[in-house]
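Since the structure comes first, as structure tokens, the remarks are kept for the end.
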Number of protein chains: 2
Amino acid sequence: MTDFNSIISDYTAQVDAQLEAILPAASGPAEQLFAAMRYSVFNGGKRVRPALCFAAAEAVASSDSNTAKVAAAVEMIHAYSLIHDDLPAMDDDDLRRGKPTCHIQFGEATAILAGDGLQSLAFQQLTQLSDIPAQTVVELIGLLSGLGGCNGMVTGQAIDLAATGTALDLQQLKTMHAHKTGALIEASVLMGALATAQVNPQQLAALKQFATAIGLAFQIQDDILDVESSTEMLGKQQGSDITNQKSTYTSILGLEEARSEAAALYQQSMQALDIFADKADSLRGIADFIVKRNH
Amino acid sequence: MTDFNSIISDYTAQVDAQLEAILPAASGPAEQLFAAMRYSVFNGGKRVRPALCFAAAEAVASSDSNTAKVAAAVEMIHAYSLIHDDLPAMDDDDLRRGKPTCHIQFGEATAILAGDGLQSLAFQQLTQLSDIPAQTVVELIGLLSGLGGCNGMVTGQAIDLAATGTALDLQQLKTMHAHKTGALIEASVLMGALATAQVNPQQLAALKQFATAIGLAFQIQDDILDVESSTEMLGKQQGSDITNQKSTYTSILGLEEARSEAAALYQQSMQALDIFADKADSLRGIADFIVKRNH
């Protein structure tokens, strides 16, 4: 199995170069907007979703400049969602990765606009793919707008919001996270594969299985870390979900059962990758990282 | 010249039916999100941008179900921008068209998400056009993501934000409005024409000239109305731009010169339509409405 760190550093360099190219320079009369967009995109994020794009592309064919563009698009959607999620009216977080959140650094109005601008720029990025059928581009935009919007992430945020202060059962919690976190992880994997224009339906189905399992494992691990980690390591306040009275996998299942569930989902994700043989080694490395990370 | 009211009622019926079809039903665990999206889209707006889509399609060929989808997409971008613009951190408006703004009605967090969801749904809508080349769909998405985002509307909002409390000169004010209001009006006109898949470059250039002139006239008329209108007619507080110390066309030019400027732009917009002969009568009717409306 390929080591995650060596995989991710190459992918990160490629997606960061693409993000640098697509993000407007922080100058002119809207300088603060563009500075806020850049601040939030280049905030030391782990680039897990871009890595999934690259690794999925390599599982079915190979990654190329289109993979970097798709990865940049997904990361911009992720970055916008974090900016808006951190706002006072939402989670009201002052710190992310140990640094001031966008609205603390640039003010709330600019943060709202930075999120809006990143969302539109993500779709604009997808219109700039080259040497693949336009129909594939339309499918990619359909996936990101659905899974990153009302068929996915935004709906997940709304379910989360409606659920704050109320107790969810396990199924309701899974539904929320399948939307809130899982949908964009699924989009990352499927879009990386689709952008090669060489994926077949059997491969797409296997990748979807992989993404569903690892997306859920990702969230369970987040909940475990929220309980376990110190403020120093996580860069946000320890146990903030407990403070906010949110239902989590650890609050419903307990810490040990949550760990078992994450391990079982990891096994499921591995099985889904069997059809790709060693071409899926990068995906395996990322899955390994997701379940074993400590931050 | 065709009467605006008869034009608009037909266009409004078509775009409203399309919006009804694409907006998720207000039910399920994210009910509040979907209710807020619907509330903001169906708020009695004038549907000027959708009307421009239809009229531009008819200037070059004819309108069809794709026109309604393009119009719905543009209107969802417009609606999302109003939701976010009304937020306490932005313009802090409690009323729009005499009704509570989205965040007053549904809370600030849901309003932020409703805006986010409307933006992604707009792009999803554009992936659902039928019987036109996929390359045209990609061009349409490129237009809306650019002019509705960092090459247009969002940048305009940021310039506006940076300018609040400072005095702009006429050129700076025009730059701001060309982005903030003009860009989406240009998108509406160009997208309506492009979605017919029958527009030629000369026609696109003329439509762009028309849109630039009428977009600026629209904003000048807004500024005139802000000074002239009563709270009752406008549905928001009279002279709110003055209260917020924003530079406006009326504050820079004075009321009379602002009126002359709007009239001159109206004439420019008419000249740009000459090449379409009577096929542009609907566009002429809309331009007429924009410059002569009193609300």
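Chain labels run A, B, ... following the order of the structure tokens; each chain numbers its residues from 1, and ligands are numbered from 1 in the order shown.
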Reference chain A, mobile chain B, all Cα atoms fitted, written as a compact mmCIF listing (two decimals) with C-alpha atoms, in the first residue's frame:
# COMPACT_ATOMS: atom_id res chain seq x y z
CA MET B 1 -0.01 0.01 0.03
CA THR B 2 1.33 3.43 -0.91
CA ASP B 3 2.07 5.80 1.94
CA PHE B 4 -0.48 8.59 2.17
CA ASN B 5 2.03 11.36 2.76
CA SER B 6 3.94 10.72 -0.45
CA ILE B 7 0.71 10.54 -2.42
CA ILE B 8 -0.81 13.62 -0.91
CA SER B 9 2.19 15.91 -1.32
CA ASP B 10 2.22 15.41 -5.08
CA TYR B 11 -1.55 15.83 -5.41
CA THR B 12 -1.50 18.88 -3.13
CA ALA B 13 1.19 20.55 -5.21
CA GLN B 14 -0.86 20.05 -8.37
CA VAL B 15 -4.17 21.25 -6.96
CA ASP B 16 -2.54 24.20 -5.21
CA ALA B 17 -0.96 25.31 -8.48
CA GLN B 18 -4.36 25.10 -10.15
CA LEU B 19 -6.04 27.01 -7.32
CA GLU B 20 -3.33 29.65 -7.56
CA ALA B 21 -4.06 29.98 -11.28
CA ILE B 22 -7.85 30.22 -11.01
CA LEU B 23 -8.21 32.43 -7.92
CA PRO B 24 -8.18 36.15 -8.76
CA ALA B 25 -5.19 38.15 -7.50
CA ALA B 26 -5.88 40.10 -4.32
CA SER B 27 -5.82 43.56 -5.89
CA GLY B 28 -8.16 46.19 -7.30
CA PRO B 29 -11.36 47.55 -5.79
CA ALA B 30 -12.49 44.06 -4.67
CA GLU B 31 -9.11 43.26 -3.11
CA GLN B 32 -10.58 42.21 0.23
CA LEU B 33 -12.92 39.71 -1.41
CA PHE B 34 -10.13 38.04 -3.35
CA ALA B 35 -7.81 38.11 -0.34
CA ALA B 36 -10.50 36.40 1.74
CA MET B 37 -11.06 33.74 -0.92
CA ARG B 38 -7.33 33.01 -1.06
CA TYR B 39 -6.96 33.06 2.72
CA SER B 40 -9.67 30.44 3.09
CA VAL B 41 -8.49 28.20 0.25
CA PHE B 42 -4.83 28.30 1.30
CA ASN B 43 -5.42 27.67 4.98
CA GLY B 44 -3.38 24.51 5.38
CA GLY B 45 -6.29 22.20 4.63
CA LYS B 46 -5.49 18.52 4.17
CA ARG B 47 -6.74 18.46 0.55
CA VAL B 48 -8.44 15.12 1.14
CA ARG B 49 -11.11 15.77 -1.52
CA PRO B 50 -8.59 16.77 -4.21
CA ALA B 51 -6.55 13.71 -3.32
CA LEU B 52 -9.63 11.56 -3.86
CA CYS B 53 -10.09 13.14 -7.32
CA PHE B 54 -6.52 12.29 -8.32
CA ALA B 55 -6.56 8.81 -6.83
CA ALA B 56 -9.92 7.98 -8.47
CA ALA B 57 -8.60 9.17 -11.83
CA GLU B 58 -5.59 6.89 -11.41
CA ALA B 59 -7.76 3.94 -10.41
CA VAL B 60 -9.51 4.04 -13.79
CA ALA B 61 -6.84 5.56 -16.07
CA SER B 62 -4.43 8.34 -15.10
CA SER B 63 -4.59 11.84 -13.68
CA ASP B 64 -3.90 14.92 -15.82
CA SER B 65 -4.52 18.68 -15.91
CA ASN B 66 -8.28 18.08 -15.97
CA THR B 67 -7.96 16.16 -12.71
CA ALA B 68 -6.29 19.19 -11.14
CA LYS B 69 -9.14 21.42 -12.34
CA VAL B 70 -11.82 19.07 -11.05
CA ALA B 71 -9.93 18.82 -7.76
CA ALA B 72 -9.69 22.62 -7.53
CA ALA B 73 -13.43 22.92 -8.15
CA VAL B 74 -14.29 20.43 -5.40
CA GLU B 75 -11.88 22.10 -2.97
CA MET B 76 -13.42 25.53 -3.64
CA ILE B 77 -16.86 24.12 -2.83
CA HIS B 78 -15.42 22.63 0.36
CA ALA B 79 -13.71 25.92 1.27
CA TYR B 80 -16.86 27.97 0.68
CA SER B 81 -18.87 25.61 2.89
CA LEU B 82 -16.36 25.99 5.73
CA ILE B 83 -16.45 29.80 5.50
CA HIS B 84 -20.23 29.87 5.73
CA ASP B 85 -20.33 27.11 8.35
CA ASP B 86 -18.00 29.11 10.61
CA LEU B 87 -20.17 32.26 10.51
CA PRO B 88 -21.67 33.57 13.77
CA ALA B 89 -25.19 32.60 12.66
CA MET B 90 -24.01 29.06 11.94
CA ASP B 91 -21.35 27.34 14.09
CA ASP B 92 -19.81 30.63 15.27
CA ASP B 93 -16.23 29.35 15.16
CA ASP B 94 -13.37 31.81 15.65
CA LEU B 95 -10.58 29.40 14.80
CA ARG B 96 -9.95 26.92 12.00
CA ARG B 97 -6.65 25.04 11.90
CA GLY B 98 -5.40 27.32 14.65
CA LYS B 99 -5.94 30.47 12.58
CA PRO B 100 -8.73 33.07 12.69
CA THR B 101 -11.71 32.01 10.58
CA CYS B 102 -12.51 34.05 7.48
CA HIS B 103 -15.11 36.29 9.12
CA ILE B 104 -12.78 37.01 12.06
CA GLN B 105 -9.99 37.96 9.69
CA PHE B 106 -11.99 39.86 7.02
CA GLY B 107 -15.35 40.66 8.60
CA GLU B 108 -18.62 38.87 8.21
CA ALA B 109 -19.85 40.55 5.03
CA THR B 110 -16.65 39.80 3.12
CA ALA B 111 -16.74 36.22 4.42
CA ILE B 112 -20.26 35.71 3.08
CA LEU B 113 -19.20 37.07 -0.31
CA ALA B 114 -15.97 35.04 -0.32
CA GLY B 115 -18.05 31.90 0.10
CA ASP B 116 -20.40 32.97 -2.67
CA GLY B 117 -17.51 33.79 -4.98
CA LEU B 118 -15.79 30.47 -4.34
CA GLN B 119 -18.95 28.59 -5.22
CA SER B 120 -19.39 30.31 -8.58
CA LEU B 121 -15.67 30.03 -9.32
CA ALA B 122 -15.87 26.26 -8.76
CA PHE B 123 -18.42 25.95 -11.54
CA GLN B 124 -16.49 28.34 -13.76
CA GLN B 125 -13.43 26.15 -13.28
CA LEU B 126 -15.32 23.16 -14.61
CA THR B 127 -16.18 25.01 -17.82
CA GLN B 128 -12.44 25.24 -18.49
CA LEU B 129 -11.60 21.56 -18.86
CA SER B 130 -9.92 20.63 -22.11
CA ASP B 131 -9.89 17.72 -24.53
CA ILE B 132 -12.86 15.88 -23.09
CA PRO B 133 -16.39 15.74 -24.52
CA ALA B 134 -18.57 18.73 -23.57
CA GLN B 135 -21.22 16.22 -22.49
CA THR B 136 -18.79 14.93 -19.85
CA VAL B 137 -18.25 18.48 -18.62
CA VAL B 138 -22.02 18.90 -18.28
CA GLU B 139 -22.18 15.64 -16.30
CA LEU B 140 -19.39 16.84 -14.01
CA ILE B 141 -21.21 20.12 -13.36
CA GLY B 142 -24.42 18.17 -12.75
CA LEU B 143 -22.64 16.05 -10.15
CA LEU B 144 -21.03 18.96 -8.32
CA SER B 145 -24.13 21.18 -8.36
CA GLY B 146 -26.29 18.34 -7.07
CA LEU B 147 -24.00 16.71 -4.51
CA GLY B 148 -22.57 20.07 -3.45
CA GLY B 149 -26.03 21.64 -3.28
CA CYS B 150 -29.64 20.64 -2.70
CA ASN B 151 -29.05 16.94 -3.35
CA GLY B 152 -26.18 16.91 -0.91
CA MET B 153 -24.02 19.20 1.13
CA VAL B 154 -26.31 22.21 1.56
CA THR B 155 -29.22 19.97 2.50
CA GLY B 156 -26.94 18.22 4.99
CA GLN B 157 -26.07 21.56 6.59
CA ALA B 158 -29.76 22.37 6.84
CA ILE B 159 -30.55 19.01 8.45
CA ASP B 160 -27.69 19.61 10.89
CA LEU B 161 -29.07 23.05 11.69
CA ALA B 162 -32.59 21.74 12.25
CA ALA B 163 -31.20 18.99 14.48
CA THR B 164 -29.09 21.17 16.79
CA GLY B 165 -30.35 20.85 20.33
CA THR B 166 -32.44 17.77 19.50
CA ALA B 167 -31.38 14.15 19.80
CA LEU B 168 -31.00 12.25 16.52
CA ASP B 169 -31.16 8.48 16.22
CA LEU B 170 -28.43 6.63 14.35
CA GLN B 171 -30.34 6.54 11.05
CA GLN B 172 -31.09 10.28 11.17
CA LEU B 173 -27.45 10.98 11.95
CA LYS B 174 -26.35 8.86 8.98
CA THR B 175 -28.81 10.66 6.69
CA MET B 176 -27.45 14.00 7.80
CA HIS B 177 -23.82 13.03 7.27
CA ALA B 178 -24.48 11.25 4.00
CA HIS B 179 -25.56 14.69 2.79
CA LYS B 180 -23.32 17.02 4.78
CA THR B 181 -19.98 15.27 4.35
CA GLY B 182 -20.56 12.15 2.30
CA ALA B 183 -22.02 13.83 -0.77
CA LEU B 184 -18.96 15.96 -1.53
CA ILE B 185 -16.63 13.02 -0.91
CA GLU B 186 -18.71 11.01 -3.37
CA ALA B 187 -18.54 13.91 -5.82
CA SER B 188 -14.75 14.03 -5.47
CA VAL B 189 -14.31 10.34 -6.26
CA LEU B 190 -16.84 10.20 -9.10
CA MET B 191 -15.67 13.44 -10.70
CA GLY B 192 -12.03 12.42 -10.64
CA ALA B 193 -12.95 9.23 -12.45
CA LEU B 194 -15.41 10.88 -14.87
CA ALA B 195 -12.95 13.57 -15.88
CA THR B 196 -10.70 10.92 -17.41
CA ALA B 197 -13.54 10.24 -19.89
CA GLN B 198 -12.48 6.58 -19.62
CA VAL B 199 -14.58 5.26 -16.76
CA ASN B 200 -17.15 2.47 -17.24
CA PRO B 201 -20.41 1.99 -15.28
CA GLN B 202 -19.06 -0.95 -13.25
CA GLN B 203 -16.11 1.15 -12.14
CA LEU B 204 -18.37 4.08 -11.27
CA ALA B 205 -20.57 1.81 -9.16
CA ALA B 206 -17.56 0.45 -7.28
CA LEU B 207 -16.22 3.95 -6.72
CA LYS B 208 -19.58 5.05 -5.41
CA GLN B 209 -19.56 2.15 -2.91
CA PHE B 210 -16.05 3.10 -1.86
CA ALA B 211 -17.00 6.76 -1.46
CA THR B 212 -20.12 6.03 0.58
CA ALA B 213 -18.19 3.84 3.03
CA ILE B 214 -15.20 6.12 3.36
CA GLY B 215 -17.35 9.25 3.59
CA LEU B 216 -19.17 7.85 6.59
CA ALA B 217 -15.90 6.63 8.13
CA PHE B 218 -14.48 10.13 7.68
CA GLN B 219 -17.30 11.66 9.70
CA ILE B 220 -17.17 9.03 12.42
CA GLN B 221 -13.44 9.65 12.75
CA ASP B 222 -14.16 13.39 12.99
CA ASP B 223 -16.53 12.74 15.85
CA ILE B 224 -13.98 10.49 17.56
CA LEU B 225 -11.31 13.17 17.17
CA ASP B 226 -13.66 15.82 18.54
CA VAL B 227 -13.83 13.85 21.76
CA GLU B 228 -10.19 12.73 21.86
CA SER B 229 -8.16 15.62 20.62
CA SER B 230 -6.74 18.56 22.42
CA THR B 231 -7.40 22.13 21.27
CA GLU B 232 -3.77 22.38 20.27
CA MET B 233 -3.80 19.46 17.85
CA LEU B 234 -7.20 20.08 16.26
CA GLY B 235 -7.00 23.85 16.01
CA LYS B 236 -10.51 24.26 17.28
CA GLN B 237 -11.99 23.99 20.71
CA GLN B 238 -12.05 20.49 22.11
CA GLY B 239 -15.40 18.80 22.23
CA SER B 240 -17.17 21.71 20.52
CA ASP B 241 -19.89 19.35 19.31
CA ILE B 242 -20.61 18.39 22.90
CA THR B 243 -20.79 22.04 23.91
CA ASN B 244 -23.22 22.67 21.03
CA GLN B 245 -25.32 19.67 22.11
CA LYS B 246 -25.07 18.02 18.71
CA SER B 247 -25.75 14.34 18.24
CA THR B 248 -22.59 12.53 17.15
CA TYR B 249 -21.56 8.96 16.44
CA THR B 250 -19.70 8.89 19.73
CA SER B 251 -22.67 10.26 21.69
CA ILE B 252 -25.00 7.67 20.15
CA LEU B 253 -22.69 4.67 19.84
CA GLY B 254 -20.07 5.39 22.48
CA LEU B 255 -16.38 5.77 21.66
CA GLU B 256 -15.52 2.10 21.31
CA GLU B 257 -18.45 1.18 19.08
CA ALA B 258 -17.80 4.26 16.96
CA ARG B 259 -14.23 3.01 16.47
CA SER B 260 -15.51 -0.44 15.44
CA GLU B 261 -17.96 1.11 13.00
CA ALA B 262 -15.19 3.17 11.40
CA ALA B 263 -13.04 0.05 11.08
CA ALA B 264 -15.90 -1.92 9.48
CA LEU B 265 -16.53 0.85 6.97
CA TYR B 266 -12.83 0.92 6.16
CA GLN B 267 -13.03 -2.81 5.34
CA GLN B 268 -16.07 -2.20 3.11
CA SER B 269 -14.24 0.55 1.29
CA MET B 270 -11.28 -1.77 0.67
CA GLN B 271 -13.52 -4.49 -0.78
CA ALA B 272 -15.11 -2.02 -3.19
CA LEU B 273 -11.65 -1.31 -4.62
CA ASP B 274 -10.80 -4.92 -5.43
CA ILE B 275 -11.77 -4.63 -9.11
CA PHE B 276 -9.10 -1.98 -9.64
CA ALA B 277 -6.26 -4.18 -8.35
CA ASP B 278 -3.10 -2.16 -7.69
CA LYS B 279 -4.33 0.86 -9.66
CA ALA B 280 -6.38 1.76 -6.57
CA ASP B 281 -3.39 1.85 -4.22
CA SER B 282 -3.62 5.61 -3.88
CA LEU B 283 -7.29 5.38 -2.96
CA ARG B 284 -6.34 2.73 -0.39
CA GLY B 285 -3.70 5.04 1.05
CA ILE B 286 -6.21 7.87 1.40
CA ALA B 287 -8.78 5.59 3.04
CA ASP B 288 -6.06 4.44 5.42
CA PHE B 289 -5.25 8.03 6.29
CA ILE B 290 -8.90 8.97 6.81
CA VAL B 291 -9.50 6.23 9.35
CA LYS B 292 -6.16 6.50 11.15
CA ARG B 293 -5.54 10.28 11.15
CA ASN B 294 -5.29 12.06 14.48
CA HIS B 295 -6.22 15.59 13.32
- [ ] May I have all residues of region 125-267 of chain A that DSSP, computed from the backbone, assigns to alpha helix (DSSP H), given as a ChimeraX atom specification?
- [x] /A:125-126,134-147,153-163,170-177,183-194,201-228,231-234,240-243,249-253,255-267
TODO: Within region 32-249 of chain B, find each residue whose DSSP state, derived from the backbone, is strand (DSSP E or B), and express the selection as a PyMOL selection string.
DONE: chain B and resi 95-96+99-100
Write to file, as a tab-separated table (two decimals), in the first residue's frame, the residues of the selection just made, with C-alpha atoms.
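Below you can see selection_16.tsv, which holds the result:
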chain	number	residue	atom	x	y	z
B	95	LEU	CA	-38.24	44.15	4.49
B	96	ARG	CA	-38.22	43.31	0.79
B	99	LYS	CA	-42.54	41.36	3.34
B	100	PRO	CA	-40.03	40.14	5.93
